[in-house]
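Asker: Contents of target_38.csv (CSV, C-alpha atoms) are given next:
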chain,number,residue,atom,x,y,z
A,197,MET,CA,381.4,167.2,162.7
A,198,ASN,CA,382.9,170.5,161.7
A,199,LYS,CA,381.5,173.0,159.3
A,200,LYS,CA,383.9,172.2,156.4
A,201,ILE,CA,383.0,168.5,156.4
A,202,ILE,CA,379.2,169.3,156.4
A,203,THR,CA,379.7,171.8,153.5
A,204,GLY,CA,381.8,169.2,151.6
A,205,LEU,CA,379.2,166.5,152.0
A,206,ALA,CA,376.4,168.8,150.8
A,207,LEU,CA,378.5,169.8,147.7
A,208,THR,CA,379.2,166.1,147.0
A,209,LYS,CA,375.5,165.3,147.1
A,210,LYS,CA,374.7,168.2,144.7
A,211,ILE,CA,377.4,167.0,142.3
A,212,THR,CA,376.1,163.4,142.4
A,213,LEU,CA,372.6,164.5,141.8
A,214,LEU,CA,373.6,166.7,138.8
A,215,ALA,CA,375.6,163.8,137.4
A,216,ALA,CA,372.6,161.4,137.8
A,217,VAL,CA,370.2,163.9,136.0
A,218,SER,CA,372.7,164.5,133.2
A,219,ALA,CA,373.2,160.7,132.7
A,220,ALA,CA,369.4,160.1,132.7
A,221,LEU,CA,368.9,162.9,130.0
A,222,THR,CA,371.8,161.5,127.9
A,223,LEU,CA,370.3,157.9,128.1
A,224,GLN,CA,366.9,159.2,127.2
A,225,ASN,CA,368.2,160.9,124.0
A,226,CYS,CA,370.2,157.8,122.9
A,227,GLY,CA,367.4,155.9,121.4
A,228,GLY,CA,369.2,155.0,118.2
A,229,GLU,CA,368.4,156.8,115.0
A,230,ASN,CA,366.2,159.5,116.6
A,231,VAL,CA,368.7,162.0,117.9
A,232,GLY,CA,366.2,165.0,118.2
A,233,PRO,CA,362.6,165.1,119.3
A,234,ARG,CA,360.4,162.3,118.1
A,235,ILE,CA,357.9,163.2,115.5
A,236,LYS,CA,356.2,159.8,115.2
A,237,ASP,CA,353.0,159.8,113.3
A,238,ALA,CA,353.3,163.5,112.6
A,239,THR,CA,350.5,165.2,110.6
A,240,GLN,CA,350.3,168.4,108.7
A,241,GLU,CA,347.6,170.9,109.6
A,242,THR,CA,346.6,174.2,108.1
A,243,VAL,CA,346.6,177.1,110.6
A,244,TYR,CA,344.6,180.2,109.9
A,245,GLU,CA,345.7,183.5,111.4
A,246,SER,CA,343.4,186.5,111.4
A,247,THR,CA,344.5,189.6,109.4
A,248,LYS,CA,341.5,191.7,110.5
A,249,GLY,CA,340.7,193.2,113.8
A,250,VAL,CA,337.6,193.1,116.1
A,251,VAL,CA,335.6,195.6,118.2
A,252,THR,CA,333.9,193.8,121.0
A,253,GLU,CA,331.4,195.7,123.0
A,254,VAL,CA,330.6,194.4,126.5
A,255,GLU,CA,328.4,195.4,129.4
A,256,GLU,CA,329.4,195.0,133.0
A,257,VAL,CA,327.0,192.8,134.9
A,258,GLU,CA,328.8,192.5,138.3
A,259,PRO,CA,331.5,195.0,139.5
A,260,GLY,CA,334.8,194.2,137.8
A,261,ASN,CA,334.4,190.5,137.1
A,262,ASP,CA,331.3,189.7,135.2
A,263,TYR,CA,330.5,190.9,131.7
A,264,LYS,CA,328.2,190.0,128.8
A,265,ILE,CA,329.0,190.7,125.1
A,266,ILE,CA,326.4,192.9,123.5
A,267,ASP,CA,328.0,193.4,120.0
A,268,GLU,CA,331.0,192.5,117.9
A,269,ARG,CA,332.2,193.8,114.6
A,270,ILE,CA,335.2,193.3,112.3
A,271,ILE,CA,337.6,196.1,111.4
A,272,ASP,CA,340.3,196.3,108.8
A,273,GLU,CA,343.3,196.9,111.1
A,274,LYS,CA,344.1,194.1,113.5
A,275,ASP,CA,346.3,196.3,115.8
A,276,LYS,CA,343.3,198.7,116.3
A,277,SER,CA,341.2,195.9,118.0
A,278,ILE,CA,339.5,197.2,121.1
A,279,ALA,CA,337.0,196.3,123.8
A,280,ILE,CA,334.3,198.9,124.6
A,281,VAL,CA,333.2,198.4,128.2
A,282,HIS,CA,330.0,199.9,129.5
A,283,THR,CA,330.4,200.0,133.3
A,284,LEU,CA,327.7,199.7,136.0
A,285,GLU,CA,328.5,203.4,136.9
A,286,GLY,CA,327.3,204.5,133.5
A,287,THR,CA,330.8,205.2,132.0
A,288,THR,CA,332.3,203.8,128.9
A,289,ASP,CA,336.0,202.5,128.8
A,290,THR,CA,337.8,201.8,125.6
A,291,LEU,CA,340.5,199.2,126.0
A,292,SER,CA,343.2,198.4,123.5
A,293,LEU,CA,343.6,194.6,122.9
A,294,LYS,CA,347.2,195.2,121.9
A,295,LYS,CA,347.9,196.8,125.3
A,296,MET,CA,345.9,194.2,127.1
A,297,LYS,CA,347.9,191.4,125.5
A,298,SER,CA,351.2,192.9,126.4
A,299,ASP,CA,350.4,194.3,129.9
A,300,GLU,CA,347.8,192.4,131.9
A,301,SER,CA,348.2,194.5,135.0
A,302,SER,CA,347.0,197.7,133.3
A,303,TYR,CA,343.4,196.4,133.3
A,304,SER,CA,343.0,195.3,136.9
A,305,ARG,CA,339.7,197.2,137.2
A,306,HIS,CA,338.2,194.9,134.5
A,307,SER,CA,339.8,191.7,135.8
A,308,GLY,CA,337.1,189.4,134.5
A,309,LEU,CA,337.0,190.8,131.0
A,310,ARG,CA,340.0,188.8,129.7
A,311,GLY,CA,338.1,185.5,130.2
A,312,ILE,CA,335.1,186.7,128.3
A,313,LEU,CA,337.3,188.0,125.4
A,314,TYR,CA,339.0,184.6,125.0
A,315,TYR,CA,335.6,183.1,124.1
A,316,SER,CA,334.5,185.8,121.6
A,317,LEU,CA,335.8,187.0,118.3
A,318,ALA,CA,338.5,189.0,120.2
A,319,ALA,CA,340.2,185.7,120.7
A,320,SER,CA,341.5,186.1,117.2
A,321,TYR,CA,343.7,188.9,118.5
A,322,PHE,CA,345.1,186.8,121.4
A,323,ASN,CA,345.5,183.4,119.6
A,324,ARG,CA,347.6,182.7,116.6
A,325,SER,CA,345.2,180.1,115.3
A,326,MET,CA,341.6,180.8,114.2
A,327,ARG,CA,340.8,177.2,115.4
A,328,ASN,CA,340.9,178.6,118.9
A,329,VAL,CA,338.3,181.3,118.2
A,330,THR,CA,335.0,179.9,119.5
A,331,PRO,CA,332.3,182.2,120.7
A,332,ASN,CA,330.7,180.8,123.9
A,333,GLN,CA,327.0,181.5,124.0
A,334,SER,CA,326.9,182.0,127.7
A,335,ASN,CA,329.2,185.0,127.4
A,336,TYR,CA,326.7,186.9,125.1
A,337,LYS,CA,323.8,189.0,126.4
A,338,ASN,CA,321.3,187.5,124.0
A,339,ALA,CA,321.0,185.0,121.1
A,340,SER,CA,321.1,187.6,118.4
A,341,ALA,CA,324.5,188.9,119.6
A,342,TYR,CA,325.9,185.4,119.7
A,343,ASN,CA,324.5,184.4,116.3
A,344,LYS,CA,326.0,187.6,114.8
A,345,SER,CA,329.4,186.8,116.2
A,346,THR,CA,329.2,183.1,115.0
A,347,GLY,CA,328.5,184.4,111.5
A,348,LEU,CA,331.4,186.9,111.7
A,349,LYS,CA,333.8,184.1,112.6
A,350,ASN,CA,333.5,182.8,109.0
A,351,ASP,CA,334.3,186.3,107.7
A,352,LEU,CA,337.4,186.5,109.9
A,353,LYS,CA,338.5,183.0,108.7
A,354,SER,CA,337.9,183.9,105.0
A,355,SER,CA,340.2,186.9,105.3
A,356,ALA,CA,342.9,185.1,107.3
A,357,THR,CA,346.3,184.0,106.1
A,358,SER,CA,347.0,180.3,106.2
A,359,ARG,CA,350.2,178.2,106.6
A,360,LYS,CA,351.0,174.5,107.0
A,361,VAL,CA,352.5,173.3,110.3
A,362,ASN,CA,353.7,169.9,111.4
A,363,VAL,CA,351.9,168.5,114.4
A,364,PRO,CA,353.5,165.7,116.5
A,365,GLY,CA,351.7,162.4,116.4
A,366,ARG,CA,349.9,161.0,119.5
A,367,SER,CA,352.8,158.9,120.7
A,368,SER,CA,355.3,161.8,120.8
A,369,ARG,CA,353.2,164.3,122.9
A,370,GLY,CA,353.9,165.0,126.5
A,371,TYR,CA,356.1,163.5,129.1
A,372,GLY,CA,356.0,159.7,129.5
A,373,SER,CA,354.3,159.0,126.3
A,374,GLY,CA,357.2,157.1,124.6
A,375,LYS,CA,358.1,153.4,125.1
A,376,SER,CA,361.1,154.2,127.2
A,377,PHE,CA,358.9,155.6,130.0
A,378,ARG,CA,356.4,152.7,130.2
A,379,SER,CA,356.2,151.0,133.5
A,380,PHE,CA,356.1,147.2,133.9
A,381,GLY,CA,355.2,145.2,136.9
A,382,GLY,CA,352.8,146.1,139.8
Go ahead and express the file in the form of structure tokens.
Answerer:
Amino acid sequence: MNKKIITGLALTKKITLLAAVSAALTLQNCGGENVGPRIKDATQETVYESTKGVVTEVEEVEPGNDYKIIDERIIDEKDKSIAIVHTLEGTTDTLSLKKMKSDESSYSRHSGLRGILYYSLAASYFNRSMRNVTPNQSNYKNASAYNKSTGLKNDLKSSATSRKVNVPGRSSRGYGSGKSFRSFGG
């Protein structure tokens, strides 16, 4: 076969595949009265978003990847949230959570810090919903630091703003959850 015929066959296959995908998507959306996304059994939830900031103080336990939280406190300005890191070398680094959120690569020296912060009060800076702010006891150096942070979580929530959002019902979440995707047979 010459090169033009092979190129023509490849192009025909691509066009056929695109047409099949387009037809499948069109048929999927032609379910009758529901033209847009299905919101079957939708519920309304209240979402709390923190308005205050956090200072999280951590201690490096293993070089660059293992930390323990030694203290947390609430501050008035959310954008001034920081992590104070006491390193094994005896130095102290002050890291802006705002910069950490926008530029992950700038803190490669403290690569394991982000995972610890997601399970502390600092999560209120990274997450939009206070529901996702859950201190994890294993990330704290001792029980008193953990208990203090757990108590402060209520203070963060009481000063948070709230808004109502619609949450899709169970049957409309994820790929393959609707009736049109059910498989019959064996």
Asker: Nearest residue to A:Ser246 out of A:Ala341, A:Leu291, A:Ile278, A:Ile270, using only C-alpha atoms?
Answerer: A:Ile270
Asker: Counting all atoms listed in the file, which of A:Arg327, A:Val251, A:Asp289, A:Asn343 gets nearest to A:Ile271?
Answerer: A:Val251
Asker: Write out as a PyMOL selection string which residues come within 12 Å of stretch 350-358 of chain A when counting only C-alpha atoms, dropping same-chain ones fewer than 2 positions away.
Answerer: chain A and resi 241-250+268-274+317-321+324-331+343-348+360-361
Asker: Separation of atom CA of A:Gly311 and atom CA of A:Asn362, in Å?
Answerer: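 Atom-to-atom, atom CA of A:Gly311 to atom CA of A:Asn362, that is 29.0 Å.
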